[in-house]
Amino acid sequence: MIEISGVSRRYGEVHAVSGVDLRVHAGEVFGLIGHNGAGKSTLFKMMLGLVAASTGEIRIAGESVTGKRFREVRRGIGYLPENVVFHDNLTGLETLAFFARLKGVPRTQCAPLLERVGLAEAGGRRVRGYSKGMRQRLGFAQALLGEPRLLFLDEPTTGLDPEGIREFYEILRALRAGGTTIVLTSHILSEIQERVGRLAIMKSGRVQACGTVQALREAAHLPLRFELELAEGDEHCVQGALHGLGLPALRRQGGTVSVDCPRASKMAVLRALSALGSQVSDLRVREPSLEDIFLGYAS
Ligand SMILES: Nc1ncnc2c1ncn2[C@@H]1O[C@H](COP(=O)(O)OP(=O)(O)OP(=O)(O)O)[C@@H](O)[C@H]1O
């Protein structure tokens with residue numbers, strides 16, 4: 001669906017995006033993560049044809065974003081910018097109707113969309129009185145006008161409460177089931193790690209890594225963490241069981257003993273720990289989180 005080849009963008013001396021190559025497949029939920037200023041929004045704007053690339057090419061649905069025929073493709077794209085600006089004097093419904101007119105979408109889509117994003121009751125109120133989360137919901141409704149086949153969502157859950165975040169991802173799941181391709185950015189890594197198919201980690205305008213969370217985890221060679229609750233004895237019995245496996249020192253916090261281990265040693269550690277029998281009352285194996293992976297690549 002999206003082919004980005006050798007794309008760079010400079011703003012004077014600032015290399016906002018440098019030599020990016022990426023492919024996003026049709027029907028995928030793709031995440032773009034990176035520190036502030038990593039180049040995510042600039043890449044979004046280039047994919048929409050709003051900002052020109054200094055070098056390289058972007059094709060969406062086979063059409064170059066700088067070509068004449070892109071205008072037709074653009075009609076099938078929904079975009080939620082990082083900072084949505086609305087006219088404060090219009091109501092939510094009037095705002096959506098305004099965007100519908102711009103997009104050439106029937107006004108009849110507006111009320112059901114407001115309902116879908118949880119603004120049905122607030123639709124008659126002026127946007128001036130909307131909270132940050134309500135504005136974000138309205139921005140999302142605007143992006144969904146015209147049933148786009150491709151959605152770009154720049155930090156879509158900013159300002160949403162936990163219920164709003166859950167509802168937002170439920171809508172995304174339904175859209176994806178219907179075949180919509182979704183590209184989103186977020187700084188809340190715990191939130192997106194279970195919800196994207198693949199993601200790219202950007203740093204200083206470059207893509208540092210791209211793949212599924214599991215593939216990135218394996219490629220980053222980060223250790224797994226074993227956490228043990230001891231029913232009896234102390235960490236010395238665990239130390240004895242793990243002796244000879246070349247693991248780092250154990251840590252103890254209250255009744256929990258933890259040890260990091262390379263992925264390749266996982267089964268050997270499990271076998272060694274099983275020798276402790278009933279001395280261990282519980283055991284958890286923690287995979288590195290997306291935050292651990294991100295910090296490994298982006299810092
Ligand atoms: N219009 C512009 N003029 C000058 N510099 C710009 C412009 N837009 C972006 N930049 C610079 O390009 C770099 C990338 O910015 P961009 O907004 O793409 O990052 P981002 O990853 O979206 O950051 P954030 O997470 O803070 O939204 C930054 O150094 C930024 O200051």
# chains A, B, ... in the order shown; residues from 1 in each chain; ligands from 1

call {"tool": "residues_near_ligand", "arguments": {"ligand": "ligand 1", "cutoff": "12 Å", "atoms": "only C-alpha atoms and all ligand atoms", "output": "number ranges by chain"}}
result
A: 8-18, 32-46, 50-52, 81-83, 153-156, 158, 184-188, 200-207, 298

call {"tool": "residues_around", "arguments": {"residues": "A:Leu145", "least_positions_apart": "3", "cutoff": "8 Å", "atoms": "only C-alpha atoms", "output": "ChimeraX atom specification"}}
result
/A:78,100,103,105,109-110,113,141-142,148

call {"tool": "write_last_selection", "arguments": {"atoms": "N, CA and C atoms", "output": "PDB file, in the first residue's frame"}}
result
ATOM      1  N   GLY A  78      -7.587   9.076   5.143  1.00  0.00           N
ATOM      2  CA  GLY A  78      -8.023   9.895   6.284  1.00  0.00           C
ATOM      3  C   GLY A  78      -6.798  10.282   7.094  1.00  0.00           C
ATOM      4  N   ALA A 100     -16.899  17.456   5.861  1.00  0.00           N
ATOM      5  CA  ALA A 100     -17.560  16.567   4.884  1.00  0.00           C
ATOM      6  C   ALA A 100     -17.695  17.291   3.543  1.00  0.00           C
ATOM      7  N   LYS A 103     -14.447  17.441   1.753  1.00  0.00           N
ATOM      8  CA  LYS A 103     -14.028  16.140   1.215  1.00  0.00           C
ATOM      9  C   LYS A 103     -15.001  15.606   0.176  1.00  0.00           C
ATOM     10  N   VAL A 105     -18.017  14.508   0.859  1.00  0.00           N
ATOM     11  CA  VAL A 105     -18.654  13.338   1.475  1.00  0.00           C
ATOM     12  C   VAL A 105     -20.070  13.738   1.904  1.00  0.00           C
ATOM     13  N   GLN A 109     -23.221  11.210   6.717  1.00  0.00           N
ATOM     14  CA  GLN A 109     -22.229  10.391   7.448  1.00  0.00           C
ATOM     15  C   GLN A 109     -21.889  11.002   8.805  1.00  0.00           C
ATOM     16  N   CYS A 110     -22.195  12.309   8.980  1.00  0.00           N
ATOM     17  CA  CYS A 110     -21.672  13.021  10.158  1.00  0.00           C
ATOM     18  C   CYS A 110     -22.237  12.529  11.490  1.00  0.00           C
ATOM     19  N   LEU A 113     -21.051   9.143  12.587  1.00  0.00           N
ATOM     20  CA  LEU A 113     -19.630   9.157  12.959  1.00  0.00           C
ATOM     21  C   LEU A 113     -19.427   9.756  14.347  1.00  0.00           C
ATOM     22  N   ALA A 141     -13.157  11.518  14.201  1.00  0.00           N
ATOM     23  CA  ALA A 141     -14.368  11.421  13.361  1.00  0.00           C
ATOM     24  C   ALA A 141     -14.106  12.054  11.995  1.00  0.00           C
ATOM     25  N   GLN A 142     -13.428  13.213  12.005  1.00  0.00           N
ATOM     26  CA  GLN A 142     -13.083  13.899  10.757  1.00  0.00           C
ATOM     27  C   GLN A 142     -12.225  13.011   9.865  1.00  0.00           C
ATOM     28  N   PRO A 148     -12.288   5.987   4.660  1.00  0.00           N
ATOM     29  CA  PRO A 148     -10.980   5.875   3.988  1.00  0.00           C
ATOM     30  C   PRO A 148     -10.423   4.450   4.024  1.00  0.00           C
TER      31      PRO A 148
END

call {"tool": "closest_residue", "arguments": {"among": "A:Val280, A:Ile293, A:Cys261, A:Leu138", "to": "A:Thr157", "atoms": "only C-alpha atoms"}}
result
A:Leu138

call {"tool": "select_by_dssp", "arguments": {"residues": "stretch 57-280 of chain A", "states": "strand (DSSP E or B)", "output": "JSON, numbers by chain"}}
result
{"A": [57, 58, 59, 60, 63, 64, 77, 78, 79, 80, 91, 126, 150, 151, 152, 153, 154, 181, 182, 183, 184, 185, 198, 199, 200, 201, 202, 203, 206, 207, 208, 209, 210, 211, 224, 225, 226, 227, 228, 229, 230, 251, 252, 253, 256, 257, 258, 259, 260, 261, 280]}

call {"tool": "residues_around", "arguments": {"residues": "stretch 116-124 of chain A", "least_positions_apart": "2", "cutoff": "9 Å", "atoms": "only C-alpha atoms", "output": "VMD selection string"}}
result
chain A and resid 91 to 94 111 to 114 126 to 127 130 134 137 to 138 140 to 141 164 167 to 168 171

call {"tool": "residues_around", "arguments": {"residues": "A:Val238", "least_positions_apart": "6", "cutoff": "10 Å", "atoms": "only C-alpha atoms", "output": "JSON list (two decimals) with N, CA and C atoms, in the first residue's frame"}}
result
[["chain", "number", "residue", "atom", "x", "y", "z"],
["A", 228, "LEU", "N", 10.85, -15.23, 40.61],
["A", 228, "LEU", "CA", 10.46, -16.40, 41.41],
["A", 228, "LEU", "C", 9.93, -15.95, 42.76],
["A", 230, "LEU", "N", 9.54, -17.43, 46.42],
["A", 230, "LEU", "CA", 10.03, -18.59, 47.16],
["A", 230, "LEU", "C", 9.09, -18.92, 48.31],
["A", 250, "LEU", "N", 21.75, -12.51, 41.06],
["A", 250, "LEU", "CA", 20.31, -12.49, 41.37],
["A", 250, "LEU", "C", 19.97, -11.18, 42.05],
["A", 257, "VAL", "N", 12.60, -13.16, 43.91],
["A", 257, "VAL", "CA", 13.98, -13.23, 43.44],
["A", 257, "VAL", "C", 13.93, -13.16, 41.92],
["A", 258, "SER", "N", 14.74, -12.30, 41.31],
["A", 258, "SER", "CA", 14.71, -12.21, 39.85],
["A", 258, "SER", "C", 16.11, -12.37, 39.27],
["A", 259, "VAL", "N", 16.14, -12.88, 38.06],
["A", 259, "VAL", "CA", 17.42, -13.05, 37.36],
["A", 259, "VAL", "C", 17.18, -12.87, 35.86],
["A", 272, "ALA", "N", 16.79, -26.13, 35.31],
["A", 272, "ALA", "CA", 17.55, -26.00, 36.56],
["A", 272, "ALA", "C", 16.62, -25.60, 37.71],
["A", 273, "LEU", "N", 15.67, -24.72, 37.42],
["A", 273, "LEU", "CA", 14.77, -24.25, 38.49],
["A", 273, "LEU", "C", 13.78, -25.34, 38.91],
["A", 275, "ALA", "N", 14.40, -28.22, 39.57],
["A", 275, "ALA", "CA", 15.02, -29.02, 40.63],
["A", 275, "ALA", "C", 14.69, -28.48, 42.01],
["A", 276, "LEU", "N", 14.24, -27.23, 42.09],
["A", 276, "LEU", "CA", 13.92, -26.62, 43.40],
["A", 276, "LEU", "C", 12.57, -27.08, 43.93],
["A", 279, "GLN", "N", 10.07, -25.55, 46.73],
["A", 279, "GLN", "CA", 10.68, -24.33, 47.31],
["A", 279, "GLN", "C", 10.23, -23.08, 46.54],
["A", 280, "VAL", "N", 9.83, -23.29, 45.27],
["A", 280, "VAL", "CA", 9.34, -22.17, 44.45],
["A", 280, "VAL", "C", 7.82, -22.24, 44.40]]

call {"tool": "select_by_dssp", "arguments": {"residues": "stretch 47-244 of chain A", "states": "alpha helix (DSSP H)", "output": "VMD selection string"}}
result
chain A and resid 47 70 to 74 92 to 103 110 to 116 132 to 144 162 to 177 189 to 192 213 to 220 235 to 242

call {"tool": "residues_around", "arguments": {"residues": "A:Lys266", "least_positions_apart": "6", "cutoff": "12 Å", "atoms": "only C-alpha atoms", "output": "VMD selection string"}}
result
chain A and resid 223 to 226 242 245 247 259 to 260 272 to 273 285 to 287

call {"tool": "write_last_selection", "arguments": {"atoms": "C-alpha atoms", "output": "PDB file, in the first residue's frame"}}
result
ATOM      1  CA  PRO A 223      17.416 -10.741  28.155  1.00  0.00           C
ATOM      2  CA  LEU A 224      14.292 -12.391  29.538  1.00  0.00           C
ATOM      3  CA  ARG A 225      13.625 -11.913  33.226  1.00  0.00           C
ATOM      4  CA  PHE A 226      12.702 -14.817  35.508  1.00  0.00           C
ATOM      5  CA  LEU A 242      21.577 -21.842  38.515  1.00  0.00           C
ATOM      6  CA  LEU A 245      24.816 -21.266  33.698  1.00  0.00           C
ATOM      7  CA  LEU A 247      23.898 -15.745  34.551  1.00  0.00           C
ATOM      8  CA  VAL A 259      17.418 -13.050  37.362  1.00  0.00           C
ATOM      9  CA  ASP A 260      18.000 -11.976  33.747  1.00  0.00           C
ATOM     10  CA  ALA A 272      17.553 -25.996  36.563  1.00  0.00           C
ATOM     11  CA  LEU A 273      14.766 -24.254  38.487  1.00  0.00           C
ATOM     12  CA  VAL A 285       8.989 -15.171  32.698  1.00  0.00           C
ATOM     13  CA  ARG A 286       8.915 -11.555  31.531  1.00  0.00           C
ATOM     14  CA  GLU A 287       9.619 -10.650  27.913  1.00  0.00           C
TER      15      GLU A 287
END

call {"tool": "atom_distance", "arguments": {"atom1": "atom CA of A:Thr55", "atom2": "atom CA of A:Ser5"}}
result
9.2 Å

call {"tool": "closest_residue", "arguments": {"among": "A:Gly240, A:Gly31, A:Gly255, A:Gly6", "to": "A:Gly211", "atoms": "only C-alpha atoms"}}
result
A:Gly31

call {"tool": "residues_around", "arguments": {"residues": "A:Val84", "least_positions_apart": "5", "cutoff": "9 Å", "atoms": "only C-alpha atoms", "output": "PyMOL selection string"}}
result
chain A and resi 135-136+139

call {"tool": "closest_residue", "arguments": {"among": "A:Arg149, A:Gln208, A:Gly277, A:Glu235", "to": "A:Gly296", "atoms": "only C-alpha atoms"}}
result
A:Gln208

call {"tool": "residues_around", "arguments": {"residues": "A:Thr180", "least_positions_apart": "6", "cutoff": "9 Å", "atoms": "only C-alpha atoms", "output": "ChimeraX atom specification"}}
result
/A:26-29,147-151,172,174
